$ cat work-v9.cif   # mmCIF, C-alpha atoms
data_entry
#
loop_
_atom_site.label_atom_id
_atom_site.label_comp_id
_atom_site.auth_asym_id
_atom_site.auth_seq_id
_atom_site.Cartn_x
_atom_site.Cartn_y
_atom_site.Cartn_z
CA MET S 1 43.18 -16.34 -41.00
CA SER S 2 45.22 -13.73 -42.86
CA TRP S 3 43.50 -11.10 -44.97
CA ARG S 4 45.16 -12.53 -48.07
CA ALA S 5 43.77 -15.99 -47.33
CA PHE S 6 40.31 -14.60 -46.61
CA VAL S 7 40.16 -12.70 -49.88
CA GLY S 8 41.55 -15.65 -51.81
CA ALA S 9 39.11 -18.11 -50.32
CA ALA S 10 36.19 -15.76 -50.88
CA ALA S 11 37.19 -15.27 -54.52
CA LEU S 12 37.41 -19.00 -55.05
CA CYS S 13 33.99 -19.51 -53.48
CA VAL S 14 32.42 -16.89 -55.72
CA ALA S 15 34.03 -18.45 -58.77
CA LEU S 16 32.91 -21.94 -57.83
CA ALA S 17 29.39 -21.01 -56.70
CA PRO S 18 27.91 -18.30 -58.92
CA GLU S 19 24.62 -16.74 -57.94
CA THR S 20 22.82 -18.93 -60.48
CA ALA S 21 23.92 -22.09 -58.61
CA LYS S 22 22.07 -22.09 -55.32
CA ALA S 23 23.96 -23.90 -52.57
CA GLN S 24 22.54 -27.29 -51.70
CA LYS S 25 23.65 -30.69 -50.55
CA PHE S 26 24.88 -32.92 -53.33
CA PRO S 27 21.84 -35.03 -54.30
CA GLY S 28 21.74 -38.77 -54.81
CA LEU S 29 24.91 -39.68 -52.89
CA ALA S 30 23.18 -41.98 -50.39
CA PRO S 31 20.12 -43.65 -51.97
CA THR S 32 20.70 -46.40 -49.39
CA PRO S 33 22.43 -45.98 -46.00
CA PRO S 34 26.23 -45.58 -46.37
CA LEU S 35 28.37 -48.64 -45.64
CA GLY S 36 31.97 -48.27 -44.53
CA TRP S 37 34.49 -48.15 -41.71
CA ASN S 38 35.46 -45.41 -39.26
CA SER S 39 38.58 -45.35 -37.10
CA TRP S 40 37.14 -43.94 -33.86
CA ASN S 41 35.47 -46.81 -32.00
CA HIS S 42 38.60 -48.96 -31.94
CA PHE S 43 41.55 -46.62 -32.50
CA GLY S 44 40.35 -43.33 -31.01
CA CYS S 45 43.08 -40.72 -31.48
CA ASN S 46 45.71 -43.34 -32.29
CA VAL S 47 45.39 -42.98 -36.07
CA SER S 48 48.03 -42.78 -38.79
CA GLU S 49 48.60 -43.24 -42.48
CA ALA S 50 49.49 -46.89 -41.79
CA THR S 51 46.20 -47.36 -39.91
CA LEU S 52 44.16 -46.19 -42.88
CA ARG S 53 46.15 -48.09 -45.48
CA SER S 54 45.75 -51.25 -43.43
CA ALA S 55 42.01 -50.65 -43.06
CA ALA S 56 41.61 -50.16 -46.81
CA ASP S 57 43.56 -53.36 -47.48
CA ALA S 58 41.48 -55.32 -44.97
CA LEU S 59 38.19 -53.95 -46.27
CA VAL S 60 39.07 -55.57 -49.59
CA SER S 61 40.70 -58.81 -48.38
CA SER S 62 37.99 -59.56 -45.80
CA GLY S 63 35.21 -59.51 -48.39
CA MET S 64 33.64 -56.37 -46.93
CA LYS S 65 34.17 -54.40 -50.13
CA ALA S 66 32.49 -57.18 -52.09
CA ALA S 67 29.63 -57.06 -49.56
CA GLY S 68 29.07 -53.35 -50.29
CA TYR S 69 31.26 -51.41 -47.84
CA ARG S 70 32.79 -48.41 -49.58
CA TYR S 71 33.95 -45.68 -47.16
CA VAL S 72 37.23 -45.59 -45.25
CA VAL S 73 36.87 -42.70 -42.79
CA VAL S 74 39.54 -41.29 -40.48
CA ASP S 75 37.95 -39.73 -37.40
CA ASP S 76 39.43 -37.17 -35.00
CA CYS S 77 43.14 -36.41 -34.44
CA TRP S 78 44.40 -36.53 -38.03
CA GLN S 79 44.82 -32.73 -38.02
CA GLY S 80 48.08 -30.90 -37.57
CA SER S 81 48.24 -27.11 -37.54
CA ARG S 82 47.02 -24.55 -40.05
CA ASP S 83 49.52 -22.90 -42.36
CA ALA S 84 50.21 -19.15 -42.52
CA ASP S 85 47.14 -18.65 -44.73
CA GLY S 86 44.86 -20.72 -42.53
CA PHE S 87 44.72 -23.91 -44.59
CA ILE S 88 44.52 -27.12 -42.56
CA ARG S 89 47.36 -29.62 -42.76
CA ALA S 90 47.57 -33.24 -41.67
CA ASP S 91 49.69 -34.12 -38.65
CA PRO S 92 53.14 -34.57 -40.26
CA GLN S 93 54.23 -37.29 -37.83
CA ARG S 94 51.11 -39.39 -38.28
CA PHE S 95 50.62 -38.65 -41.97
CA PRO S 96 54.08 -37.93 -43.41
CA ASN S 97 52.88 -38.16 -47.03
CA GLY S 98 49.85 -35.95 -46.48
CA MET S 99 46.16 -36.68 -46.69
CA LYS S 100 45.93 -36.66 -50.49
CA ALA S 101 48.32 -39.61 -50.61
CA VAL S 102 46.01 -41.51 -48.25
CA ALA S 103 42.96 -40.62 -50.34
CA ASP S 104 44.76 -41.73 -53.51
CA TYR S 105 45.63 -45.08 -51.89
CA VAL S 106 42.03 -45.63 -50.79
CA HIS S 107 40.70 -44.68 -54.23
CA ALA S 108 43.13 -47.06 -55.92
CA LYS S 109 41.42 -49.86 -53.98
CA GLY S 110 38.08 -48.92 -55.52
CA LEU S 111 36.94 -47.38 -52.23
CA LYS S 112 35.93 -43.90 -51.09
CA PHE S 113 37.76 -41.73 -48.56
CA GLY S 114 36.30 -39.78 -45.66
CA LEU S 115 37.54 -37.65 -42.81
CA TYR S 116 36.35 -35.78 -39.75
CA SER S 117 36.06 -32.17 -38.68
CA ASP S 118 34.09 -30.17 -36.16
CA ALA S 119 31.80 -27.15 -36.33
CA GLY S 120 33.61 -25.62 -33.36
CA GLY S 121 36.99 -23.96 -33.04
CA LYS S 122 38.48 -27.22 -31.79
CA THR S 123 37.54 -30.84 -32.34
CA CYS S 124 36.53 -33.14 -29.50
CA GLY S 125 40.17 -34.26 -29.39
CA GLY S 126 41.48 -30.70 -29.19
CA ARG S 127 42.66 -30.42 -32.80
CA PRO S 128 41.78 -27.46 -35.07
CA GLY S 129 38.08 -27.34 -35.90
CA SER S 130 36.45 -25.70 -38.92
CA ARG S 131 34.76 -22.72 -37.27
CA GLY S 132 35.60 -19.67 -39.37
CA TYR S 133 37.46 -21.81 -41.91
CA GLU S 134 34.56 -23.73 -43.46
CA PHE S 135 35.13 -22.64 -47.07
CA GLN S 136 38.89 -23.08 -46.85
CA ASP S 137 38.52 -26.53 -45.34
CA ALA S 138 35.95 -27.62 -47.93
CA LEU S 139 38.28 -26.47 -50.71
CA THR S 140 41.15 -28.38 -49.12
CA TYR S 141 39.04 -31.53 -48.84
CA ALA S 142 38.10 -31.24 -52.52
CA ARG S 143 41.75 -30.94 -53.49
CA TRP S 144 42.61 -34.02 -51.42
CA GLY S 145 39.79 -36.09 -52.94
CA VAL S 146 37.54 -36.45 -49.89
CA ASP S 147 34.20 -38.22 -50.48
CA TYR S 148 32.69 -38.18 -46.97
CA LEU S 149 32.78 -35.69 -44.09
CA LYS S 150 31.78 -36.51 -40.53
CA TYR S 151 31.14 -33.11 -38.92
CA ASP S 152 31.10 -33.07 -35.11
CA TRP S 153 29.70 -30.64 -32.50
CA CYS S 154 32.33 -30.10 -29.77
CA ASN S 155 33.42 -26.61 -28.64
CA THR S 156 30.52 -24.89 -30.38
CA ASP S 157 29.47 -22.33 -27.76
CA GLY S 158 27.24 -19.67 -29.31
CA LEU S 159 26.68 -21.51 -32.58
CA ASN S 160 23.28 -22.40 -33.99
CA PRO S 161 23.36 -26.01 -35.22
CA GLN S 162 21.16 -25.47 -38.25
CA GLY S 163 23.19 -22.46 -39.37
CA ALA S 164 26.55 -24.09 -38.69
CA TYR S 165 25.73 -27.22 -40.66
CA GLN S 166 24.23 -25.22 -43.51
CA THR S 167 27.46 -23.23 -43.69
CA MET S 168 29.51 -26.39 -44.17
CA ARG S 169 26.99 -27.75 -46.67
CA ASP S 170 27.32 -24.51 -48.67
CA ALA S 171 31.11 -24.66 -48.42
CA LEU S 172 31.21 -28.21 -49.76
CA PHE S 173 28.92 -27.25 -52.61
CA ALA S 174 31.09 -24.24 -53.42
CA ALA S 175 34.20 -26.44 -53.54
CA GLY S 176 32.50 -28.47 -56.23
CA ARG S 177 33.37 -32.05 -55.20
CA PRO S 178 30.41 -34.27 -54.20
CA VAL S 179 30.83 -35.13 -50.51
CA VAL S 180 28.49 -37.07 -48.21
CA LEU S 181 27.85 -34.86 -45.18
CA SER S 182 27.34 -36.73 -41.92
CA LEU S 183 25.97 -34.43 -39.20
CA CYS S 184 27.27 -35.50 -35.79
CA GLU S 185 25.33 -33.10 -33.58
CA TRP S 186 24.11 -35.89 -31.22
CA GLY S 187 20.41 -35.12 -31.72
CA GLY S 188 20.20 -32.16 -29.35
CA SER S 189 18.54 -29.83 -31.86
CA LYS S 190 16.38 -32.58 -33.42
CA PRO S 191 18.18 -32.54 -36.79
CA TRP S 192 15.69 -35.02 -38.22
CA GLN S 193 13.28 -32.07 -38.36
CA TRP S 194 15.55 -29.80 -40.44
CA ALA S 195 18.56 -31.64 -41.86
CA LYS S 196 16.97 -33.40 -44.84
CA ASP S 197 18.22 -30.65 -47.15
CA VAL S 198 21.54 -30.22 -45.34
CA GLY S 199 23.19 -33.64 -45.19
CA GLN S 200 22.77 -37.28 -46.09
CA LEU S 201 22.67 -38.51 -42.48
CA TRP S 202 22.44 -37.12 -38.97
CA ARG S 203 23.19 -38.54 -35.56
CA THR S 204 20.12 -39.02 -33.40
CA THR S 205 21.87 -39.67 -30.06
CA GLY S 206 25.05 -39.38 -28.07
CA ASP S 207 27.86 -41.90 -28.53
CA VAL S 208 27.34 -45.65 -28.58
CA HIS S 209 29.36 -47.79 -26.16
CA GLU S 210 30.59 -51.36 -26.64
CA CYS S 211 27.90 -52.89 -24.44
CA PHE S 212 24.42 -54.19 -25.13
CA ASP S 213 22.53 -52.82 -22.13
CA CYS S 214 24.31 -50.10 -20.14
CA VAL S 215 24.78 -46.39 -19.57
CA VAL S 216 28.33 -45.08 -19.08
CA ASP S 217 28.53 -41.77 -17.20
CA HIS S 218 31.59 -39.73 -18.18
CA GLY S 219 30.68 -36.84 -15.88
CA THR S 220 29.67 -34.14 -18.33
CA TRP S 221 28.25 -36.57 -20.88
CA LYS S 222 27.10 -40.16 -21.25
CA SER S 223 27.51 -42.94 -23.76
CA TRP S 224 24.88 -45.58 -24.32
CA GLY S 225 24.44 -49.29 -24.90
CA VAL S 226 22.75 -50.82 -27.91
CA LEU S 227 19.35 -51.16 -26.22
CA GLN S 228 19.43 -47.59 -24.91
CA ILE S 229 20.18 -46.15 -28.36
CA LEU S 230 17.58 -48.43 -29.95
CA ASP S 231 14.88 -47.03 -27.66
CA MET S 232 15.92 -43.45 -28.52
CA GLN S 233 14.86 -44.04 -32.14
CA GLU S 234 11.19 -44.14 -31.20
CA GLY S 235 9.18 -41.73 -33.36
CA LEU S 236 12.02 -40.79 -35.74
CA ARG S 237 11.27 -43.12 -38.65
CA PRO S 238 8.99 -40.77 -40.64
CA HIS S 239 12.02 -38.53 -41.18
CA ALA S 240 14.26 -41.19 -42.77
CA GLY S 241 14.46 -42.31 -46.37
CA PRO S 242 16.66 -42.38 -49.47
CA ASP S 243 19.44 -39.77 -49.22
CA HIS S 244 18.41 -38.66 -45.70
CA TRP S 245 19.00 -41.18 -42.93
CA ASN S 246 18.70 -41.29 -39.16
CA ASP S 247 22.08 -42.32 -37.74
CA PRO S 248 22.07 -44.13 -34.35
CA ASP S 249 25.92 -44.05 -34.37
CA MET S 250 28.57 -46.40 -35.62
CA LEU S 251 28.87 -50.14 -35.08
CA GLU S 252 30.60 -51.74 -32.10
CA VAL S 253 30.66 -55.19 -33.71
CA GLY S 254 33.97 -56.87 -32.83
CA ASN S 255 34.82 -54.46 -30.01
CA GLY S 256 34.05 -56.52 -26.91
CA MET S 257 30.44 -57.69 -26.80
CA SER S 258 29.60 -61.37 -27.19
CA VAL S 259 29.17 -62.80 -30.67
CA LEU S 260 25.45 -63.17 -29.97
CA GLU S 261 25.17 -59.51 -28.92
CA ASP S 262 27.22 -58.37 -31.93
CA ARG S 263 24.84 -60.26 -34.19
CA SER S 264 21.87 -58.62 -32.50
CA HIS S 265 23.44 -55.15 -32.71
CA PHE S 266 24.09 -55.57 -36.44
CA SER S 267 20.58 -56.92 -37.07
CA LEU S 268 18.88 -54.10 -35.20
CA TRP S 269 20.85 -51.41 -37.03
CA ALA S 270 19.86 -53.06 -40.31
CA MET S 271 16.22 -52.95 -39.24
CA LEU S 272 16.66 -49.24 -38.50
CA ALA S 273 17.94 -48.64 -42.06
CA ALA S 274 20.98 -47.17 -40.32
CA PRO S 275 24.30 -46.26 -41.89
CA LEU S 276 26.56 -49.22 -41.13
CA MET S 277 30.01 -47.89 -40.28
CA ALA S 278 32.14 -50.67 -38.84
CA GLY S 279 34.41 -49.55 -36.00
CA ASN S 280 36.58 -52.58 -35.27
CA ASP S 281 40.18 -53.49 -36.09
CA LEU S 282 39.60 -54.85 -39.58
CA GLY S 283 43.05 -56.38 -39.85
CA HIS S 284 42.62 -58.56 -36.77
CA MET S 285 38.94 -59.49 -36.67
CA THR S 286 37.76 -62.98 -35.86
CA PRO S 287 35.94 -65.17 -38.40
CA ALA S 288 32.76 -64.63 -36.37
CA THR S 289 33.04 -60.86 -36.66
CA ARG S 290 33.73 -61.11 -40.38
CA GLU S 291 30.70 -63.36 -40.81
CA ILE S 292 28.47 -60.84 -39.05
CA LEU S 293 29.68 -57.82 -41.00
CA THR S 294 29.40 -59.57 -44.37
CA ASN S 295 26.03 -61.31 -43.89
CA ALA S 296 24.47 -60.59 -47.29
CA ASP S 297 20.92 -61.38 -46.14
CA VAL S 298 21.05 -58.87 -43.28
CA LEU S 299 22.84 -56.24 -45.38
CA ALA S 300 20.07 -56.57 -47.98
CA VAL S 301 17.53 -55.58 -45.33
CA ASP S 302 19.54 -52.47 -44.44
CA GLN S 303 20.15 -51.61 -48.10
CA ASP S 304 16.62 -52.28 -49.34
CA ALA S 305 15.64 -49.82 -52.05
CA LEU S 306 12.30 -48.97 -50.42
CA GLY S 307 14.29 -47.09 -47.78
CA VAL S 308 11.86 -47.61 -44.90
CA GLN S 309 13.10 -47.58 -41.32
CA GLY S 310 11.82 -50.45 -39.21
CA PHE S 311 9.67 -50.15 -36.10
CA ARG S 312 8.62 -52.09 -33.02
CA ALA S 313 5.26 -53.62 -33.85
CA TYR S 314 4.62 -55.68 -30.71
CA GLN S 315 5.96 -56.21 -27.19
CA LEU S 316 5.44 -59.74 -25.86
CA GLY S 317 6.94 -59.75 -22.38
CA ASP S 318 10.70 -59.40 -22.77
CA VAL S 319 10.45 -60.03 -26.52
CA ASP S 320 10.12 -57.12 -28.94
CA VAL S 321 8.79 -57.81 -32.43
CA TRP S 322 10.24 -55.47 -35.05
CA ALA S 323 9.04 -55.06 -38.63
CA LYS S 324 10.60 -53.42 -41.68
CA PRO S 325 8.64 -53.30 -44.95
CA LEU S 326 10.84 -54.12 -47.94
CA SER S 327 10.56 -53.71 -51.69
CA GLY S 328 8.63 -56.33 -53.67
CA GLY S 329 6.04 -56.76 -50.94
CA ASN S 330 8.59 -58.47 -48.66
CA LEU S 331 8.83 -57.90 -44.93
CA ALA S 332 11.69 -58.26 -42.44
CA VAL S 333 10.60 -59.40 -38.98
CA LEU S 334 12.94 -59.48 -35.98
CA PHE S 335 12.34 -60.95 -32.53
CA LEU S 336 14.56 -59.39 -29.84
CA ASN S 337 14.89 -60.83 -26.35
CA ARG S 338 15.66 -57.81 -24.19
CA GLY S 339 15.71 -59.86 -21.01
CA ARG S 340 18.44 -61.75 -19.17
CA ALA S 341 16.91 -65.23 -19.46
CA THR S 342 15.94 -67.41 -22.41
CA ALA S 343 12.45 -66.64 -23.70
CA SER S 344 10.07 -69.21 -25.22
CA LEU S 345 7.47 -67.96 -27.67
CA ARG S 346 4.66 -69.37 -29.82
CA TYR S 347 3.97 -66.75 -32.47
CA VAL S 348 0.61 -67.05 -34.19
CA TRP S 349 0.96 -65.03 -37.37
CA PRO S 350 -2.74 -64.26 -38.07
CA GLN S 351 -2.99 -62.70 -34.61
CA HIS S 352 -0.23 -60.21 -35.38
CA ARG S 353 -1.21 -58.17 -38.40
CA ILE S 354 1.39 -55.53 -39.28
CA GLU S 355 0.15 -52.25 -40.73
CA ASP S 356 2.55 -49.41 -41.44
CA LEU S 357 1.21 -45.93 -42.12
CA VAL S 358 4.65 -44.58 -43.09
CA SER S 359 5.18 -46.96 -46.00
CA LYS S 360 1.44 -47.47 -46.53
CA THR S 361 1.80 -51.24 -46.36
CA ASP S 362 -0.39 -53.84 -44.67
CA PHE S 363 0.60 -57.41 -43.84
CA ASP S 364 -2.51 -59.36 -42.83
CA PHE S 365 -1.30 -62.91 -42.24
CA GLY S 366 -4.86 -64.19 -41.92
CA LYS S 367 -5.52 -63.28 -45.54
CA LYS S 368 -2.14 -63.83 -47.21
CA ALA S 369 0.60 -66.36 -46.57
CA TYR S 370 4.33 -65.69 -46.70
CA GLN S 371 7.37 -67.95 -46.98
CA ILE S 372 9.87 -67.48 -44.13
CA ARG S 373 13.67 -67.45 -44.28
CA ASN S 374 15.96 -67.18 -41.25
CA LEU S 375 18.62 -64.60 -42.11
CA TRP S 376 21.27 -65.96 -39.73
CA THR S 377 20.90 -69.69 -40.38
CA HIS S 378 20.06 -68.96 -44.06
CA LYS S 379 17.43 -71.71 -43.93
CA PRO S 380 13.69 -71.73 -44.68
CA LEU S 381 11.27 -71.84 -41.76
CA GLY S 382 8.06 -72.83 -43.50
CA SER S 383 5.32 -70.25 -43.89
CA THR S 384 3.06 -67.97 -41.90
CA LYS S 385 0.32 -70.59 -42.16
CA THR S 386 2.01 -72.37 -39.25
CA ASP S 387 2.72 -71.07 -35.76
CA LEU S 388 6.36 -70.11 -35.18
CA LEU S 389 7.95 -71.74 -32.11
CA LEU S 390 10.99 -69.90 -30.80
CA LYS S 391 13.52 -70.14 -27.99
CA ILE S 392 15.50 -66.91 -27.88
CA GLN S 393 18.53 -66.49 -25.64
CA ALA S 394 19.10 -63.33 -23.61
CA HIS S 395 20.05 -60.45 -25.91
CA GLU S 396 19.59 -62.67 -28.95
CA VAL S 397 17.57 -61.88 -32.07
CA VAL S 398 15.82 -64.09 -34.59
CA MET S 399 15.71 -62.24 -37.89
CA LEU S 400 13.42 -63.35 -40.70
CA ARG S 401 12.54 -62.34 -44.24
CA LEU S 402 8.94 -62.93 -45.33
CA THR S 403 8.21 -63.30 -49.05
CA PRO S 404 4.71 -63.54 -50.55
#
$ encode --input "work-v9.cif" --output "structure tokens"
Amino acid sequence: MSWRAFVGAAALCVALAPETAKAQKFPGLAPTPPLGWNSWNHFGCNVSEATLRSAADALVSSGMKAAGYRYVVVDDCWQGSRDADGFIRADPQRFPNGMKAVADYVHAKGLKFGLYSDAGGKTCGGRPGSRGYEFQDALTYARWGVDYLKYDWCNTDGLNPQGAYQTMRDALFAAGRPVVLSLCEWGGSKPWQWAKDVGQLWRTTGDVHECFDCVVDHGTWKSWGVLQILDMQEGLRPHAGPDHWNDPDMLEVGNGMSVLEDRSHFSLWAMLAAPLMAGNDLGHMTPATREILTNADVLAVDQDALGVQGFRAYQLGDVDVWAKPLSGGNLAVLFLNRGRATASLRYVWPQHRIEDLVSKTDFDFGKKAYQIRNLWTHKPLGSTKTDLLLKIQAHEVVMLRLTP
């Protein structure tokens, strides 16, 4: 960075953030987990202005916008070089009209625009990171109209995660435009213990992979299947709630798993009160994928105003029983078959009381009856006065909503 740019950026920061305005994250931007789309899981570095315009169009035409999805986020590899004063520019071949033109197009659709940077000197894809340029980059994002920043953790030797993410939080606040800050530090420094006042969401694990039960070893790092990431959420739920969410990574729905596994993946992330960032090719998704991503009953569980993350209440052989207290005294219950063969189950509700110390709720089915609705068939299933008989295929879920 040139001295002129440094002085100019510093002066702008002082002007925008006087001593009387203490730096903070922008409050109230994520009362429920963010819903949107991110380019990485399907497109990787192969992103362009056309990619994002197409995604914004498809988010609207597919019904996903109507279902609540709002963010169109370009991940890594949008960056070109920095100019003579150190300000970041979009790759001119991929984004010939610049990033503000993309943001304007997304906003014209009634959507919000997000992009990616990295706390290190280079991004994971080798593009310019924000280290040493945090305040300049935040000012640039504000000028472009950015609403969401995914902030990664590659090439960060010598940096302290808490300090690095606080620096970007302060830079965004100084720039003056409300921006959702998504910490993508992979959970190494336990951000759930310190990031509540820094960002709206934080990654709890390494990257998800488009498989239900697997570990993919890349040599120096690993990516994880749905079940592996699910198990890594154990013990984290007390740290989640409105405007501060645990993030088990983006969705792989539509990227290669079976329809049944996609449905299970989506259901489990909803039970976790996770941010739901689709990662498929929106313009070419199948009707089955569209049906999964726009299931209003499942989305309502994720977006419930109580803001409680679900938990595993019981293990019955290969079947996990998950519970998520909801507003209005409702309860979401999910049966997950982790095994590789169909499981048969007779579930006697009074024998499986569900008490949650986090939300201070107690569901004693021996004392109070609940009506049951299947959230994938959208049909009633009687009440908790009667035993529930289930046959659950391998990697399948049965997801229910219980209403007093």
$ atom_distance --input "work-v9.cif" --atom1 "CA of Trp194 in chain S" --atom2 "CA of Ser182 in chain S"
13.8 Å
$ resolve_selection --input "work-v9.cif" --expression "the PyMOL selection byres ((chain S and resi 58-67) around 12)" --output "NGL selection string"
:S and (35-38 or 51-57 or 68-73 or 106-112 or 276-300 or 303)
$ atom_distance --input "work-v9.cif" --atom1 "CA of Ala369 in chain S" --atom2 "CA of Leu326 in chain S"
16.0 Å
$ atom_distance --input "work-v9.cif" --atom1 "CA of Val253 in chain S" --atom2 "CA of Glu396 in chain S"
14.2 Å
$ closest_atom_pairs --input "work-v9.cif" --of "range 187-246 of chain S" --to "range 132-150 of chain S" --cutoff "12 Å" --atoms "all atoms listed in the file" --output "CSV"
residue,atom,partner,partner_atom,distance
S:Gly199,CA,S:Leu149,CA,9.9
S:Gln200,CA,S:Tyr148,CA,10.0
S:Leu201,CA,S:Lys150,CA,9.5
S:Trp202,CA,S:Lys150,CA,9.5
S:Arg203,CA,S:Lys150,CA,10.1
$ residues_around --input "work-v9.cif" --residues "range 151-155 of chain S" --least-positions-apart "5" --cutoff "7 Å" --atoms "only C-alpha atoms" --output "PyMOL selection string"
chain S and resi 116-124+182-185
$ resolve_selection --input "work-v9.cif" --expression "the PyMOL selection byres ((chain S and resi 127) around 8)" --output "PyMOL selection string"
chain S and resi 76-77+79-80+122-126+128-129
$ resolve_selection --input "work-v9.cif" --expression "the PyMOL selection byres ((chain S and resi 337) around 10)" --output "PyMOL selection string"
chain S and resi 264+316-321+334-336+338-344+391-398
$ write_last_selection --input "work-v9.cif" --atoms "C-alpha atoms" --output "compact mmCIF listing (two decimals), keeping the file's coordinate frame"
# COMPACT_ATOMS: atom_id res chain seq x y z
CA SER S 264 21.87 -58.62 -32.50
CA LEU S 316 5.44 -59.74 -25.86
CA GLY S 317 6.94 -59.75 -22.38
CA ASP S 318 10.70 -59.40 -22.77
CA VAL S 319 10.45 -60.03 -26.52
CA ASP S 320 10.12 -57.12 -28.94
CA VAL S 321 8.79 -57.81 -32.43
CA LEU S 334 12.94 -59.48 -35.98
CA PHE S 335 12.34 -60.95 -32.53
CA LEU S 336 14.56 -59.39 -29.84
CA ARG S 338 15.66 -57.81 -24.19
CA GLY S 339 15.71 -59.86 -21.01
CA ARG S 340 18.44 -61.75 -19.17
CA ALA S 341 16.91 -65.23 -19.46
CA THR S 342 15.94 -67.41 -22.41
CA ALA S 343 12.45 -66.64 -23.70
CA SER S 344 10.07 -69.21 -25.22
CA LYS S 391 13.52 -70.14 -27.99
CA ILE S 392 15.50 -66.91 -27.88
CA GLN S 393 18.53 -66.49 -25.64
CA ALA S 394 19.10 -63.33 -23.61
CA HIS S 395 20.05 -60.45 -25.91
CA GLU S 396 19.59 -62.67 -28.95
CA VAL S 397 17.57 -61.88 -32.07
CA VAL S 398 15.82 -64.09 -34.59
$ residues_around --input "work-v9.cif" --residues "range 255-258 of chain S" --least-positions-apart "5" --cutoff "8 Å" --atoms "only C-alpha atoms" --output "list in words"
Asn41, His42, Glu210, Cys211, Phe212, Gly279 and Asn280 of chain S
$ residues_around --input "work-v9.cif" --residues "Leu306 in chain S" --least-positions-apart "6" --cutoff "8 Å" --atoms "all atoms listed in the file" --output "compact mmCIF listing (two decimals) with C-alpha atoms, in the frame of the given file"
# COMPACT_ATOMS: atom_id res chain seq x y z
CA PRO S 242 16.66 -42.38 -49.47
CA PRO S 325 8.64 -53.30 -44.95
CA LEU S 326 10.84 -54.12 -47.94
CA SER S 327 10.56 -53.71 -51.69
$ axis_aligned_box --input "work-v9.cif" --around "range 151-163 of chain S" --padding-each-side "3 Å" --output "lines of an AutoDock Vina configuration file"
center_x = 27.3
center_y = -26.4
center_z = -33.6
size_x = 18.3
size_y = 19.4
size_z = 17.6
$ closest_residue --input "work-v9.cif" --among "S:Ala273, S:Ile229, S:Val74, S:Leu268" --to "Asn46 in chain S" --atoms "only C-alpha atoms"
S:Val74
$ closest_residue --input "work-v9.cif" --among "S:Lys25, S:Arg237, S:Arg312, S:His218" --to "Val179 in chain S" --atoms "all atoms listed in the file"
S:Lys25
$ closest_residue --input "work-v9.cif" --among "S:Asp197, S:Asp207, S:Ala21, S:Met168" --to "Trp40 in chain S" --atoms "only C-alpha atoms"
S:Asp207
$ closest_residue --input "work-v9.cif" --among "S:Val301, S:Pro191, S:Val259, S:Gly310" --to "Glu234 in chain S" --atoms "all atoms listed in the file"
S:Gly310
